[in-house]
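Enquirer: For reference, this is input_37.cif, and it has mmCIF, C-alpha atoms and all ligand atoms.
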```cif
data_input
loop_
_atom_site.label_atom_id
_atom_site.label_comp_id
_atom_site.auth_asym_id
_atom_site.auth_seq_id
_atom_site.Cartn_x
_atom_site.Cartn_y
_atom_site.Cartn_z
CA MET A 1 19.85 8.34 -5.78
CA GLN A 2 17.63 8.50 -8.89
CA ASP A 3 17.50 5.20 -10.73
CA LYS A 4 14.32 5.39 -12.88
CA PRO A 5 13.53 9.06 -13.29
CA THR A 6 10.94 8.52 -15.98
CA THR A 7 9.03 5.67 -14.37
CA THR A 8 5.58 6.30 -12.92
CA VAL A 9 4.11 3.98 -10.30
CA LEU A 10 0.49 3.69 -9.19
CA VAL A 11 0.52 2.99 -5.44
CA THR A 12 -2.81 1.79 -4.00
CA GLY A 13 -3.28 2.12 -0.24
CA ALA A 14 -0.69 4.90 -0.44
CA ALA A 15 -1.95 6.80 2.63
CA GLY A 16 -1.47 3.80 4.92
CA TYR A 17 1.46 2.60 6.99
CA VAL A 18 3.34 0.65 4.34
CA GLY A 19 2.10 2.95 1.58
CA SER A 20 3.39 6.22 3.03
CA HIS A 21 6.88 4.80 3.62
CA THR A 22 6.93 3.19 0.17
CA VAL A 23 5.89 6.44 -1.51
CA VAL A 24 8.77 8.23 0.26
CA ALA A 25 11.20 5.55 -0.92
CA LEU A 26 9.93 5.89 -4.52
CA LEU A 27 9.99 9.70 -4.56
CA GLU A 28 13.48 9.77 -3.05
CA ARG A 29 14.68 7.59 -5.92
CA GLY A 30 13.06 9.76 -8.57
CA TYR A 31 10.00 7.70 -9.47
CA GLY A 32 6.77 9.47 -10.30
CA VAL A 33 3.89 8.42 -8.05
CA VAL A 34 0.12 8.31 -8.47
CA ALA A 35 -1.24 7.64 -4.98
CA LEU A 36 -4.69 6.08 -4.60
CA ASP A 37 -6.53 5.57 -1.30
CA ASN A 38 -10.11 5.77 -0.07
CA HIS A 39 -8.90 6.74 3.45
CA CYS A 40 -10.88 3.99 5.16
CA ASN A 41 -7.79 3.37 7.29
CA GLY A 42 -5.25 5.89 6.02
CA SER A 43 -5.02 9.62 6.53
CA PRO A 44 -4.50 12.36 3.93
CA VAL A 45 -2.22 14.02 6.51
CA ALA A 46 0.28 11.27 5.69
CA TYR A 47 0.52 12.75 2.19
CA GLU A 48 1.38 16.21 3.58
CA ARG A 49 4.13 14.60 5.65
CA VAL A 50 5.46 12.65 2.66
CA GLN A 51 5.60 15.86 0.66
CA LYS A 52 7.39 17.65 3.51
CA LEU A 53 9.93 14.84 3.81
CA THR A 54 10.75 14.49 0.14
CA GLY A 55 10.05 17.95 -1.27
CA ALA A 56 8.50 16.10 -4.21
CA SER A 57 4.97 16.41 -5.47
CA PHE A 58 2.83 13.50 -6.58
CA VAL A 59 -0.69 12.84 -7.80
CA LYS A 60 -3.31 11.95 -5.18
CA VAL A 61 -6.56 10.24 -6.07
CA VAL A 62 -9.28 9.58 -3.49
CA ALA A 63 -11.06 6.47 -4.76
CA ASP A 64 -11.94 2.93 -3.88
CA VAL A 65 -9.55 0.51 -5.53
CA ARG A 66 -12.56 -1.53 -6.72
CA ASP A 67 -13.80 1.48 -8.71
CA GLU A 68 -12.91 0.40 -12.24
CA VAL A 69 -13.98 3.75 -13.74
CA ALA A 70 -11.55 5.59 -11.46
CA LEU A 71 -8.78 3.13 -12.33
CA ALA A 72 -9.42 3.49 -16.06
CA HIS A 73 -9.33 7.26 -15.68
CA ILE A 74 -5.98 7.10 -13.86
CA LEU A 75 -4.46 4.80 -16.46
CA SER A 76 -5.63 6.93 -19.36
CA THR A 77 -4.46 10.17 -17.71
CA TYR A 78 -1.05 9.27 -16.29
CA PRO A 79 1.79 7.26 -17.89
CA VAL A 80 1.66 4.45 -15.30
CA ASP A 81 4.41 1.86 -15.84
CA ALA A 82 3.68 -0.37 -12.86
CA CYS A 83 1.51 -0.72 -9.78
CA ILE A 84 2.35 -1.42 -6.15
CA HIS A 85 -0.93 -2.76 -4.79
CA LEU A 86 -1.17 -2.32 -1.02
CA ALA A 87 -4.83 -1.36 -0.50
CA ALA A 88 -6.49 -3.97 1.69
CA LEU A 89 -8.13 -4.57 5.05
CA LYS A 90 -5.70 -6.24 7.47
CA ALA A 91 -7.16 -6.93 10.92
CA VAL A 92 -7.11 -10.67 11.52
CA ALA A 93 -9.89 -10.82 14.14
CA GLU A 94 -12.13 -8.42 12.22
CA SER A 95 -11.72 -10.53 9.09
CA GLY A 96 -13.60 -13.35 10.83
CA GLN A 97 -16.42 -10.98 11.77
CA LYS A 98 -16.67 -9.29 8.36
CA PRO A 99 -15.62 -11.94 5.85
CA LEU A 100 -17.50 -10.42 2.93
CA ASP A 101 -15.81 -7.04 3.41
CA TYR A 102 -12.42 -8.74 3.46
CA TRP A 103 -13.03 -10.85 0.37
CA SER A 104 -14.47 -7.87 -1.47
CA ASN A 105 -11.70 -5.41 -0.58
CA ASN A 106 -8.74 -7.74 -0.72
CA VAL A 107 -9.64 -9.97 -3.63
CA GLY A 108 -12.14 -7.69 -5.42
CA GLY A 109 -9.59 -4.86 -5.19
CA LEU A 110 -6.79 -6.95 -6.66
CA LEU A 111 -9.02 -8.17 -9.51
CA ALA A 112 -10.07 -4.62 -10.35
CA VAL A 113 -6.45 -3.44 -10.46
CA LEU A 114 -5.36 -6.38 -12.61
CA ARG A 115 -8.22 -5.93 -15.05
CA ALA A 116 -7.45 -2.22 -15.42
CA LEU A 117 -3.71 -2.81 -15.87
CA GLN A 118 -4.28 -5.61 -18.35
CA HIS A 119 -6.47 -3.37 -20.43
CA ALA A 120 -3.52 -1.00 -20.78
CA GLY A 121 -0.93 -3.74 -21.58
CA PRO A 122 0.94 -6.57 -19.79
CA CYS A 123 0.70 -6.17 -16.00
CA ARG A 124 3.60 -4.99 -13.90
CA LEU A 125 2.42 -5.40 -10.33
CA VAL A 126 3.91 -5.72 -6.84
CA PHE A 127 1.47 -7.38 -4.43
CA SER A 128 1.42 -7.12 -0.62
CA SER A 129 1.06 -10.57 0.77
CA SER A 130 1.83 -11.69 4.30
CA ALA A 131 3.70 -14.39 6.18
CA THR A 132 0.28 -15.21 7.58
CA VAL A 133 -0.22 -17.36 4.44
CA TYR A 134 2.10 -19.92 6.08
CA GLY A 135 -0.32 -20.44 8.98
CA VAL A 136 1.57 -22.52 11.54
CA PRO A 137 4.90 -23.21 9.82
CA GLU A 138 6.51 -26.58 10.47
CA PHE A 139 9.92 -25.00 11.08
CA SER A 140 11.86 -21.73 10.95
CA PRO A 141 13.47 -20.10 9.08
CA VAL A 142 10.45 -20.36 6.77
CA PRO A 143 11.32 -20.63 3.05
CA GLU A 144 8.92 -19.55 0.31
CA ALA A 145 8.33 -23.22 -0.55
CA ALA A 146 6.80 -23.94 2.88
CA ALA A 147 3.21 -25.20 3.02
CA LEU A 148 0.52 -22.51 2.70
CA ARG A 149 -2.40 -22.94 5.09
CA PRO A 150 -3.64 -19.61 6.44
CA ALA A 151 -5.79 -19.81 9.56
CA SER A 152 -7.83 -16.60 9.19
CA VAL A 153 -10.12 -15.08 6.58
CA TYR A 154 -7.54 -12.31 6.19
CA GLY A 155 -4.84 -14.88 5.42
CA GLN A 156 -7.13 -16.73 3.05
CA THR A 157 -7.74 -13.54 1.06
CA LYS A 158 -3.98 -13.04 0.76
CA LEU A 159 -3.47 -16.61 -0.41
CA ALA A 160 -6.30 -16.18 -2.92
CA GLY A 161 -4.54 -13.04 -4.20
CA GLU A 162 -1.33 -15.04 -4.67
CA GLN A 163 -3.22 -17.75 -6.55
CA ILE A 164 -4.81 -15.19 -8.86
CA LEU A 165 -1.35 -13.86 -9.69
CA LEU A 166 -0.03 -17.37 -10.37
CA ALA A 167 -2.94 -18.02 -12.74
CA LEU A 168 -2.36 -14.73 -14.52
CA ALA A 169 1.38 -15.38 -14.87
CA ALA A 170 0.64 -18.79 -16.40
CA GLN A 171 -1.91 -17.40 -18.83
CA SER A 172 -0.02 -14.23 -19.71
CA PRO A 173 3.75 -14.83 -19.71
CA LEU A 174 4.41 -11.18 -20.55
CA SER A 175 2.98 -10.18 -17.17
CA ARG A 176 5.51 -9.41 -14.46
CA LEU A 177 4.14 -10.01 -10.98
CA ALA A 178 5.94 -9.81 -7.64
CA THR A 179 4.42 -11.26 -4.46
CA LEU A 180 5.99 -9.99 -1.25
CA ARG A 181 5.32 -11.93 1.95
CA TYR A 182 5.94 -9.50 4.78
CA PHE A 183 6.83 -10.77 8.22
CA ASN A 184 6.14 -8.24 11.05
CA PRO A 185 6.62 -4.63 9.91
CA VAL A 186 7.29 -2.21 12.78
CA GLY A 187 9.00 1.13 13.39
CA ALA A 188 8.62 4.41 11.57
CA HIS A 189 10.50 6.84 9.36
CA PRO A 190 13.43 8.19 11.43
CA SER A 191 12.10 11.74 11.01
CA GLY A 192 9.09 10.86 13.19
CA LEU A 193 6.86 12.40 10.53
CA ILE A 194 5.20 9.20 9.27
CA GLY A 195 4.45 5.98 11.08
CA GLU A 196 1.77 3.49 12.03
CA ALA A 197 -1.46 5.13 13.16
CA PRO A 198 -3.91 2.40 14.18
CA HIS A 199 -7.53 3.36 14.77
CA GLY A 200 -8.73 2.42 18.26
CA THR A 201 -7.00 -0.28 20.28
CA PRO A 202 -3.93 -1.59 18.47
CA ASN A 203 -4.04 -5.26 17.45
CA ASN A 204 -0.30 -5.55 17.05
CA LEU A 205 2.48 -5.58 19.59
CA MET A 206 4.66 -2.56 18.76
CA PRO A 207 1.90 0.08 18.62
CA TYR A 208 0.55 -1.31 21.89
CA ILE A 209 4.00 -0.99 23.49
CA THR A 210 4.37 2.63 22.36
CA GLN A 211 0.92 3.56 23.67
CA VAL A 212 1.68 1.99 27.06
CA ALA A 213 5.04 3.78 27.15
CA LEU A 214 3.14 7.04 26.60
CA ARG A 215 0.74 6.08 29.42
CA GLN A 216 -2.20 6.10 27.02
CA ARG A 217 -2.76 2.52 28.14
CA HIS A 218 -2.20 1.07 31.55
CA GLU A 219 -0.05 -1.97 30.81
CA LEU A 220 0.82 -4.41 28.10
CA SER A 221 -0.78 -7.85 28.21
CA VAL A 222 1.78 -10.42 27.11
CA PHE A 223 -0.25 -13.13 25.42
CA GLY A 224 1.23 -16.31 26.85
CA GLY A 225 4.36 -16.97 28.91
CA ASP A 226 4.40 -20.74 28.54
CA TYR A 227 5.37 -21.23 24.91
CA PRO A 228 8.24 -23.64 24.12
CA THR A 229 10.69 -20.75 23.55
CA PRO A 230 13.68 -19.74 25.70
CA ASP A 231 11.72 -17.12 27.71
CA GLY A 232 8.24 -18.60 27.21
CA THR A 233 6.95 -15.78 24.95
CA CYS A 234 6.29 -15.92 21.21
CA ILE A 235 9.05 -15.23 18.70
CA ARG A 236 8.53 -13.18 15.54
CA ASP A 237 10.59 -11.68 12.74
CA TYR A 238 10.17 -7.91 13.16
CA ILE A 239 11.25 -5.89 10.13
CA HIS A 240 11.81 -2.13 10.05
CA ILE A 241 9.28 -0.38 7.84
CA GLN A 242 12.12 1.44 6.03
CA ASP A 243 13.61 -1.92 5.02
CA LEU A 244 10.18 -3.09 3.89
CA ALA A 245 9.74 0.04 1.76
CA ALA A 246 13.19 -0.52 0.21
CA GLY A 247 12.10 -4.11 -0.52
CA HIS A 248 9.21 -2.77 -2.61
CA VAL A 249 11.55 -0.59 -4.64
CA ALA A 250 13.92 -3.53 -5.16
CA ALA A 251 11.03 -5.74 -6.31
CA LEU A 252 9.76 -3.02 -8.63
CA ARG A 253 13.18 -2.45 -10.15
CA HIS A 254 13.52 -6.18 -10.80
CA LEU A 255 10.10 -6.30 -12.48
CA LEU A 256 10.94 -3.37 -14.71
CA ASP A 257 14.30 -4.83 -15.71
CA GLU A 258 13.63 -8.56 -16.01
CA PRO A 259 10.83 -10.71 -17.40
CA GLY A 260 9.04 -13.19 -15.18
CA SER A 261 7.23 -13.30 -11.87
CA PHE A 262 8.38 -14.18 -8.37
CA THR A 263 7.39 -14.59 -4.71
CA VAL A 264 9.75 -13.61 -1.90
CA ASN A 265 9.75 -13.31 1.87
CA LEU A 266 10.56 -9.88 3.29
CA GLY A 267 11.95 -10.50 6.76
CA THR A 268 15.25 -10.24 8.59
CA GLY A 269 15.79 -13.94 9.29
CA ARG A 270 16.08 -13.16 13.01
CA GLY A 271 13.56 -14.02 15.69
CA THR A 272 12.81 -11.76 18.67
CA SER A 273 10.59 -12.74 21.60
CA VAL A 274 7.89 -10.51 23.08
CA ARG A 275 9.99 -10.12 26.24
CA GLU A 276 13.10 -9.25 24.22
CA LEU A 277 11.19 -6.63 22.27
CA ILE A 278 9.87 -5.02 25.46
CA SER A 279 13.28 -5.00 27.15
CA THR A 280 15.00 -3.59 24.05
CA PHE A 281 12.34 -0.88 23.83
CA ASP A 282 12.86 0.02 27.49
CA ARG A 283 16.64 0.06 27.17
CA VAL A 284 17.06 2.13 24.02
CA ASN A 285 14.36 4.63 24.94
CA GLY A 286 15.01 4.93 28.67
CA VAL A 287 11.41 4.05 29.56
CA CYS A 288 9.66 1.27 31.42
CA VAL A 289 6.73 -0.48 29.76
CA PRO A 290 4.72 -2.25 32.45
CA SER A 291 3.55 -5.68 31.33
CA VAL A 292 1.65 -8.63 32.71
CA VAL A 293 1.53 -12.15 31.34
CA VAL A 294 -1.99 -13.27 30.50
CA GLY A 295 -3.41 -16.26 28.63
CA ARG A 296 -2.44 -17.11 25.07
CA ARG A 297 -4.18 -15.31 22.19
CA SER A 298 -6.11 -17.77 20.10
CA GLY A 299 -4.44 -18.52 16.76
CA ASP A 300 -0.94 -17.37 17.79
CA VAL A 301 2.04 -19.35 16.56
CA SER A 302 4.83 -20.03 19.06
CA GLU A 303 7.75 -19.09 16.83
CA TYR A 304 8.45 -18.18 13.26
CA PHE A 305 10.90 -16.14 11.29
CA ALA A 306 11.80 -15.77 7.64
CA ASP A 307 14.32 -17.35 5.39
CA PRO A 308 15.07 -14.12 3.47
CA SER A 309 17.80 -15.60 1.25
CA LEU A 310 15.75 -15.60 -1.96
CA ALA A 311 15.09 -11.85 -1.74
CA LYS A 312 18.83 -11.31 -1.34
CA GLU A 313 19.72 -13.56 -4.25
CA LEU A 314 17.04 -12.29 -6.62
CA LEU A 315 16.68 -8.63 -5.67
CA GLY A 316 19.96 -7.87 -3.89
CA TRP A 317 17.79 -6.79 -0.97
CA CYS A 318 18.31 -7.49 2.70
CA ALA A 319 17.06 -5.86 5.90
CA ARG A 320 19.58 -3.48 7.43
CA HIS A 321 17.92 -2.06 10.52
CA THR A 322 18.25 -3.58 13.98
CA VAL A 323 15.57 -4.22 16.57
CA GLU A 324 17.07 -1.24 18.43
CA ASP A 325 16.40 0.98 15.40
CA MET A 326 12.81 -0.31 15.22
CA CYS A 327 12.20 0.50 18.90
CA ARG A 328 13.82 3.93 18.71
CA ASP A 329 11.95 4.98 15.57
CA ALA A 330 8.58 3.62 16.75
CA TRP A 331 8.96 5.62 19.98
CA ARG A 332 10.00 8.83 18.24
CA TRP A 333 6.93 8.61 15.98
CA GLN A 334 4.60 7.97 18.95
CA LEU A 335 6.11 10.79 21.03
CA ARG A 336 5.77 13.32 18.23
CA ASN A 337 2.30 12.12 17.19
CA PRO A 338 0.57 10.95 20.36
CA GLU A 339 -2.81 10.87 18.65
CA GLY A 340 -1.52 9.65 15.27
CA TYR A 341 -2.27 11.88 12.29
CA THR A 342 -4.38 14.77 13.58
P1 LIG B 1 -2.97 0.28 6.32
O1 LIG B 1 -4.36 0.00 6.74
O2 LIG B 1 -2.18 1.25 7.10
O3 LIG B 1 -2.95 0.73 4.78
C1 LIG B 1 -3.85 0.22 3.84
C2 LIG B 1 -4.40 1.42 3.08
O4 LIG B 1 -5.31 0.94 2.10
C3 LIG B 1 -5.19 2.37 3.99
O5 LIG B 1 -4.69 3.67 3.82
C4 LIG B 1 -6.62 2.23 3.53
O6 LIG B 1 -7.33 3.45 3.65
C5 LIG B 1 -6.45 1.78 2.10
N1 LIG B 1 -7.55 0.97 1.59
C6 LIG B 1 -8.11 -0.14 2.13
N2 LIG B 1 -9.09 -0.60 1.36
C7 LIG B 1 -9.17 0.24 0.29
C8 LIG B 1 -9.98 0.30 -0.87
N3 LIG B 1 -10.95 -0.61 -1.08
N4 LIG B 1 -9.76 1.27 -1.76
C9 LIG B 1 -8.80 2.19 -1.56
N5 LIG B 1 -8.00 2.20 -0.48
C10 LIG B 1 -8.19 1.22 0.43
O7 LIG B 1 -2.22 -1.12 6.25
P2 LIG B 1 -0.69 -1.40 5.97
O8 LIG B 1 -0.10 -1.95 7.20
O9 LIG B 1 -0.07 -0.24 5.31
O10 LIG B 1 -0.84 -2.60 4.95
C11 LIG B 1 -0.61 -2.43 3.57
C12 LIG B 1 -0.69 -3.79 2.91
O11 LIG B 1 0.27 -4.66 3.49
C13 LIG B 1 -2.03 -4.50 3.08
O12 LIG B 1 -2.32 -5.17 1.88
C14 LIG B 1 -1.78 -5.48 4.19
O13 LIG B 1 -2.64 -6.59 4.12
C15 LIG B 1 -0.34 -5.87 3.92
N6 LIG B 1 0.38 -6.36 5.10
C16 LIG B 1 0.55 -5.54 6.18
C17 LIG B 1 1.22 -6.03 7.29
C18 LIG B 1 1.41 -5.17 8.52
O14 LIG B 1 1.70 -5.69 9.57
N7 LIG B 1 1.29 -3.85 8.42
C19 LIG B 1 1.73 -7.33 7.29
C20 LIG B 1 1.56 -8.12 6.17
C21 LIG B 1 0.89 -7.62 5.05
C1 LIG B 2 -0.39 -10.60 13.37
C2 LIG B 2 -1.37 -11.33 12.50
C3 LIG B 2 -0.76 -11.55 11.14
C4 LIG B 2 -0.25 -10.25 10.54
C5 LIG B 2 0.75 -9.63 11.53
C6 LIG B 2 1.33 -8.33 11.08
C7 LIG B 2 -2.64 -12.70 14.10
C8 LIG B 2 -2.94 -14.08 14.58
N1 LIG B 2 -1.71 -12.60 13.12
O1 LIG B 2 0.72 -11.42 13.52
O2 LIG B 2 -1.73 -12.11 10.28
O3 LIG B 2 0.37 -10.50 9.29
O4 LIG B 2 0.05 -9.41 12.76
O5 LIG B 2 0.34 -7.36 10.94
O6 LIG B 2 -3.23 -11.75 14.53
N2 LIG B 2 1.31 -9.69 21.56
C9 LIG B 2 1.19 -9.52 22.92
N3 LIG B 2 0.42 -8.49 23.37
C10 LIG B 2 -0.24 -7.63 22.55
C11 LIG B 2 -0.10 -7.81 21.15
C12 LIG B 2 0.67 -8.86 20.70
O7 LIG B 2 1.76 -10.26 23.69
O8 LIG B 2 -0.93 -6.73 23.03
C13 LIG B 2 2.15 -10.77 21.06
C14 LIG B 2 1.42 -11.76 20.20
O9 LIG B 2 0.89 -12.80 20.97
C15 LIG B 2 2.53 -12.23 19.27
C16 LIG B 2 3.48 -11.03 19.17
O10 LIG B 2 3.15 -10.19 20.26
O11 LIG B 2 3.22 -13.28 19.89
C17 LIG B 2 3.32 -10.27 17.88
O12 LIG B 2 1.93 -9.97 17.73
P1 LIG B 2 1.38 -9.12 16.53
O13 LIG B 2 2.10 -7.83 16.45
O14 LIG B 2 -0.10 -9.07 16.65
O15 LIG B 2 1.81 -9.94 15.24
P2 LIG B 2 1.52 -11.47 14.85
O16 LIG B 2 0.70 -12.17 15.85
O17 LIG B 2 2.81 -12.09 14.48
#
```
Using the file provided, produce a representation of the structure as structure tokens.
Expert:
Amino acid sequence: MQDKPTTTVLVTGAAGYVGSHTVVALLERGYGVVALDNHCNGSPVAYERVQKLTGASFVKVVADVRDEVALAHILSTYPVDACIHLAALKAVAESGQKPLDYWSNNVGGLLAVLRALQHAGPCRLVFSSSATVYGVPEFSPVPEAAALRPASVYGQTKLAGEQILLALAAQSPLSRLATLRYFNPVGAHPSGLIGEAPHGTPNNLMPYITQVALRQRHELSVFGGDYPTPDGTCIRDYIHIQDLAAGHVAALRHLLDEPGSFTVNLGTGRGTSVRELISTFDRVNGVCVPSVVVGRRSGDVSEYFADPSLAKELLGWCARHTVEDMCRDAWRWQLRNPEGYT
């Protein structure tokens, strides 16, 4: 299981949804972890659960990722070999209401991390981007070379992050930078100990489904039933969070072993409609999620899913979990943690 026992990784946004699962994946493979989070959207309880799951200890730093003094202190105290930079704000609608917060956190945070890493030597960094950078793709499966035209402030901050990394790679060929474009991460660790814990009303489909299934919400609104898809509802590429976490480890391993920088999609290559996701959830969990079709949500794309072939070719990574696994694990997490991390 251990492949880099002496490698230490700084993980920013470590207490969040992707972060907690990625830290488990790293610890299970023997990496040392320095976890940084300011807990604006992540809970320190996630760390206790990670420790319980892995039996491994790791360093926890409560700090804002834009705090260059804190970053310098971390890098002078711990033998950090690489960084997985996840800390960001991610709510699409909110990003339009609070653009300055999004630019500051998402781009200011990345710049602070890069400056601190560069001070210590050539950067080794894995960056969380999003399929949202594609905007409305012309066709699916979407390859990495597709046009980039994000429709939201959130997406624009992710694209700006990618452009910063491209500029750095051009200026500093010794840097090794991985950009990961996630499709739709869902599900939870199969233990039910860590998972997605949105604050307030969920923006995304799966956490809304699980809260309706638990009767915390009355019914699911299906945003649009008249799209040009086989059942009229939107199609997305849902990817199990465990596969996504493994994708980070694969990207990291590649960066540590090989020179150069790269950008890859992390998706399954399979599309699932909203109706299919609801019916799979009902079937595998023996529940009934009441739903009603309402108007379309502004900005939604009818259908898109990844071309994940580059990640397979370059990193030897591919998604292994099924939509059934995603539904089962999301439900187990929700049942065991009805109020999230408390
Ligand atoms: P999350 O909100 O659960 O985790 C982000 C973590 O970053 C939180 O724990 C939060 O407290 C922390 N954070 C935010 N700003 C910070 C700051 N300035 N300083 C320190 N910590 C800060 O979100 P997530 O789903 O785990 O997303 C992780 C990354 O993946 C983000 O960059 C997000 O944009 C990206 N992403 C997520 C999805 C998704 O659907 N979950 C999809 C595509 C891309
Ligand atoms: C959204 C974000 C995207 C982000 C992704 C993963 C938008 C426009 N895009 O994508 O930037 O990277 O989340 O975090 O917000 N749906 C319902 N009812 C609901 C919720 C969702 O029908 O209550 C539908 C949506 O219309 C969509 C599908 O479910 O067709 C998936 O929605 P969601 O989980 O929000 O993901 P995306 O829209 O793909």
Enquirer: Rounded to one decimal, what separation in Å do you get between atom C14 of ligand LIG 2 (chain B) and CA of Val126 (chain A)?
Expert: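 Rounded to one decimal, the two atoms are 27.8 Å apart.
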Enquirer: Can you list, as a list in words, every protein, DNA or RNA residue that comes within 12 Å of Thr201 (chain A) when you count all atoms listed in the file, leaving out same-chain residues fewer than 3 positions away?
Expert: Ala91, Ala197, Pro198, Asn204, Leu205, Met206, Pro207, Tyr208, Ile209, Thr210, Gln211, Val212, Gln216, Arg217 and Leu220 of chain A
Enquirer: Got time to write the residues from that selection, C-alpha atoms, as an mmCIF file, in the coordinates of the input?
Expert:
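Written out: part-v5.cif:
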```cif
data_model
loop_
_atom_site.group_PDB
_atom_site.id
_atom_site.type_symbol
_atom_site.label_atom_id
_atom_site.label_comp_id
_atom_site.auth_asym_id
_atom_site.auth_seq_id
_atom_site.Cartn_x
_atom_site.Cartn_y
_atom_site.Cartn_z
ATOM 1 C CA ALA A 91 -7.160 -6.930 10.920
ATOM 2 C CA ALA A 197 -1.460 5.130 13.160
ATOM 3 C CA PRO A 198 -3.910 2.400 14.180
ATOM 4 C CA ASN A 204 -0.300 -5.550 17.050
ATOM 5 C CA LEU A 205 2.480 -5.580 19.590
ATOM 6 C CA MET A 206 4.660 -2.560 18.760
ATOM 7 C CA PRO A 207 1.900 0.080 18.620
ATOM 8 C CA TYR A 208 0.550 -1.310 21.890
ATOM 9 C CA ILE A 209 4.000 -0.990 23.490
ATOM 10 C CA THR A 210 4.370 2.630 22.360
ATOM 11 C CA GLN A 211 0.920 3.560 23.670
ATOM 12 C CA VAL A 212 1.680 1.990 27.060
ATOM 13 C CA GLN A 216 -2.200 6.100 27.020
ATOM 14 C CA ARG A 217 -2.760 2.520 28.140
ATOM 15 C CA LEU A 220 0.820 -4.410 28.100
#
```
Enquirer: So that I can see what lies close to Ala112 (chain A), please list as a ChimeraX atom specification the residues with an atom at most 8 Å from it, counting all atoms listed in the file and leaving out residues fewer than 3 positions away in the same chain.
Expert: /A:65-68,108-109,115-116
Enquirer: For the residues in the current selection, export C-alpha atoms as a tab-separated table (two decimals), in the frame of the given file.
Expert:
```tsv
chain	number	residue	atom	x	y	z
A	65	VAL	CA	-9.55	0.51	-5.53
A	66	ARG	CA	-12.56	-1.53	-6.72
A	67	ASP	CA	-13.80	1.48	-8.71
A	68	GLU	CA	-12.91	0.40	-12.24
A	108	GLY	CA	-12.14	-7.69	-5.42
A	109	GLY	CA	-9.59	-4.86	-5.19
A	115	ARG	CA	-8.22	-5.93	-15.05
A	116	ALA	CA	-7.45	-2.22	-15.42
```
Enquirer: Quick one: everything within 7 Å of region 228-241 of chain A, counting only C-alpha atoms, minus sequence neighbours fewer than 5 positions away in the same chain. Send it as a CSV table (one decimal) with C-alpha atoms, in the coordinates of the input.
Expert:
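Okay, selection_33.csv is ready:
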```csv
chain,number,residue,atom,x,y,z
A,18,VAL,CA,3.3,0.6,4.3
A,183,PHE,CA,6.8,-10.8,8.2
A,184,ASN,CA,6.1,-8.2,11.0
A,185,PRO,CA,6.6,-4.6,9.9
A,186,VAL,CA,7.3,-2.2,12.8
A,187,GLY,CA,9.0,1.1,13.4
A,188,ALA,CA,8.6,4.4,11.6
A,267,GLY,CA,12.0,-10.5,6.8
A,268,THR,CA,15.2,-10.2,8.6
A,269,GLY,CA,15.8,-13.9,9.3
A,270,ARG,CA,16.1,-13.2,13.0
A,271,GLY,CA,13.6,-14.0,15.7
A,272,THR,CA,12.8,-11.8,18.7
A,273,SER,CA,10.6,-12.7,21.6
A,274,VAL,CA,7.9,-10.5,23.1
A,275,ARG,CA,10.0,-10.1,26.2
A,302,SER,CA,4.8,-20.0,19.1
A,303,GLU,CA,7.8,-19.1,16.8
A,304,TYR,CA,8.4,-18.2,13.3
A,305,PHE,CA,10.9,-16.1,11.3
A,306,ALA,CA,11.8,-15.8,7.6
A,321,HIS,CA,17.9,-2.1,10.5
A,326,MET,CA,12.8,-0.3,15.2
```
Enquirer: Enumerate as a CSV table (one decimal) with C-alpha atoms, keeping the file's coordinate frame the residues within 7 Å of ligand LIG 1 (chain B), counting all atoms listed in the file.
Expert:
```csv
chain,number,residue,atom,x,y,z
A,12,THR,CA,-2.8,1.8,-4.0
A,13,GLY,CA,-3.3,2.1,-0.2
A,14,ALA,CA,-0.7,4.9,-0.4
A,15,ALA,CA,-2.0,6.8,2.6
A,16,GLY,CA,-1.5,3.8,4.9
A,17,TYR,CA,1.5,2.6,7.0
A,18,VAL,CA,3.3,0.6,4.3
A,19,GLY,CA,2.1,3.0,1.6
A,36,LEU,CA,-4.7,6.1,-4.6
A,37,ASP,CA,-6.5,5.6,-1.3
A,38,ASN,CA,-10.1,5.8,-0.1
A,39,HIS,CA,-8.9,6.7,3.4
A,40,CYS,CA,-10.9,4.0,5.2
A,41,ASN,CA,-7.8,3.4,7.3
A,42,GLY,CA,-5.2,5.9,6.0
A,43,SER,CA,-5.0,9.6,6.5
A,63,ALA,CA,-11.1,6.5,-4.8
A,64,ASP,CA,-11.9,2.9,-3.9
A,65,VAL,CA,-9.6,0.5,-5.5
A,66,ARG,CA,-12.6,-1.5,-6.7
A,86,LEU,CA,-1.2,-2.3,-1.0
A,87,ALA,CA,-4.8,-1.4,-0.5
A,88,ALA,CA,-6.5,-4.0,1.7
A,89,LEU,CA,-8.1,-4.6,5.0
A,90,LYS,CA,-5.7,-6.2,7.5
A,105,ASN,CA,-11.7,-5.4,-0.6
A,109,GLY,CA,-9.6,-4.9,-5.2
A,128,SER,CA,1.4,-7.1,-0.6
A,129,SER,CA,1.1,-10.6,0.8
A,130,SER,CA,1.8,-11.7,4.3
A,131,ALA,CA,3.7,-14.4,6.2
A,181,ARG,CA,5.3,-11.9,2.0
A,182,TYR,CA,5.9,-9.5,4.8
A,183,PHE,CA,6.8,-10.8,8.2
A,184,ASN,CA,6.1,-8.2,11.0
A,185,PRO,CA,6.6,-4.6,9.9
A,196,GLU,CA,1.8,3.5,12.0
```
Enquirer: Have a look at CA of Arg328 (chain A) and CA of Asp243 (chain A) and let me know their distance in Å, one decimal.
Expert: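 Pair CA of Arg328 (chain A) / CA of Asp243 (chain A) returns 14.9 Å.
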Enquirer: Nearest residue to Pro338 (chain A) out of A:His119, A:Arg283, A:Arg215, A:Arg29, using all atoms listed in the file?
Expert: A:Arg215
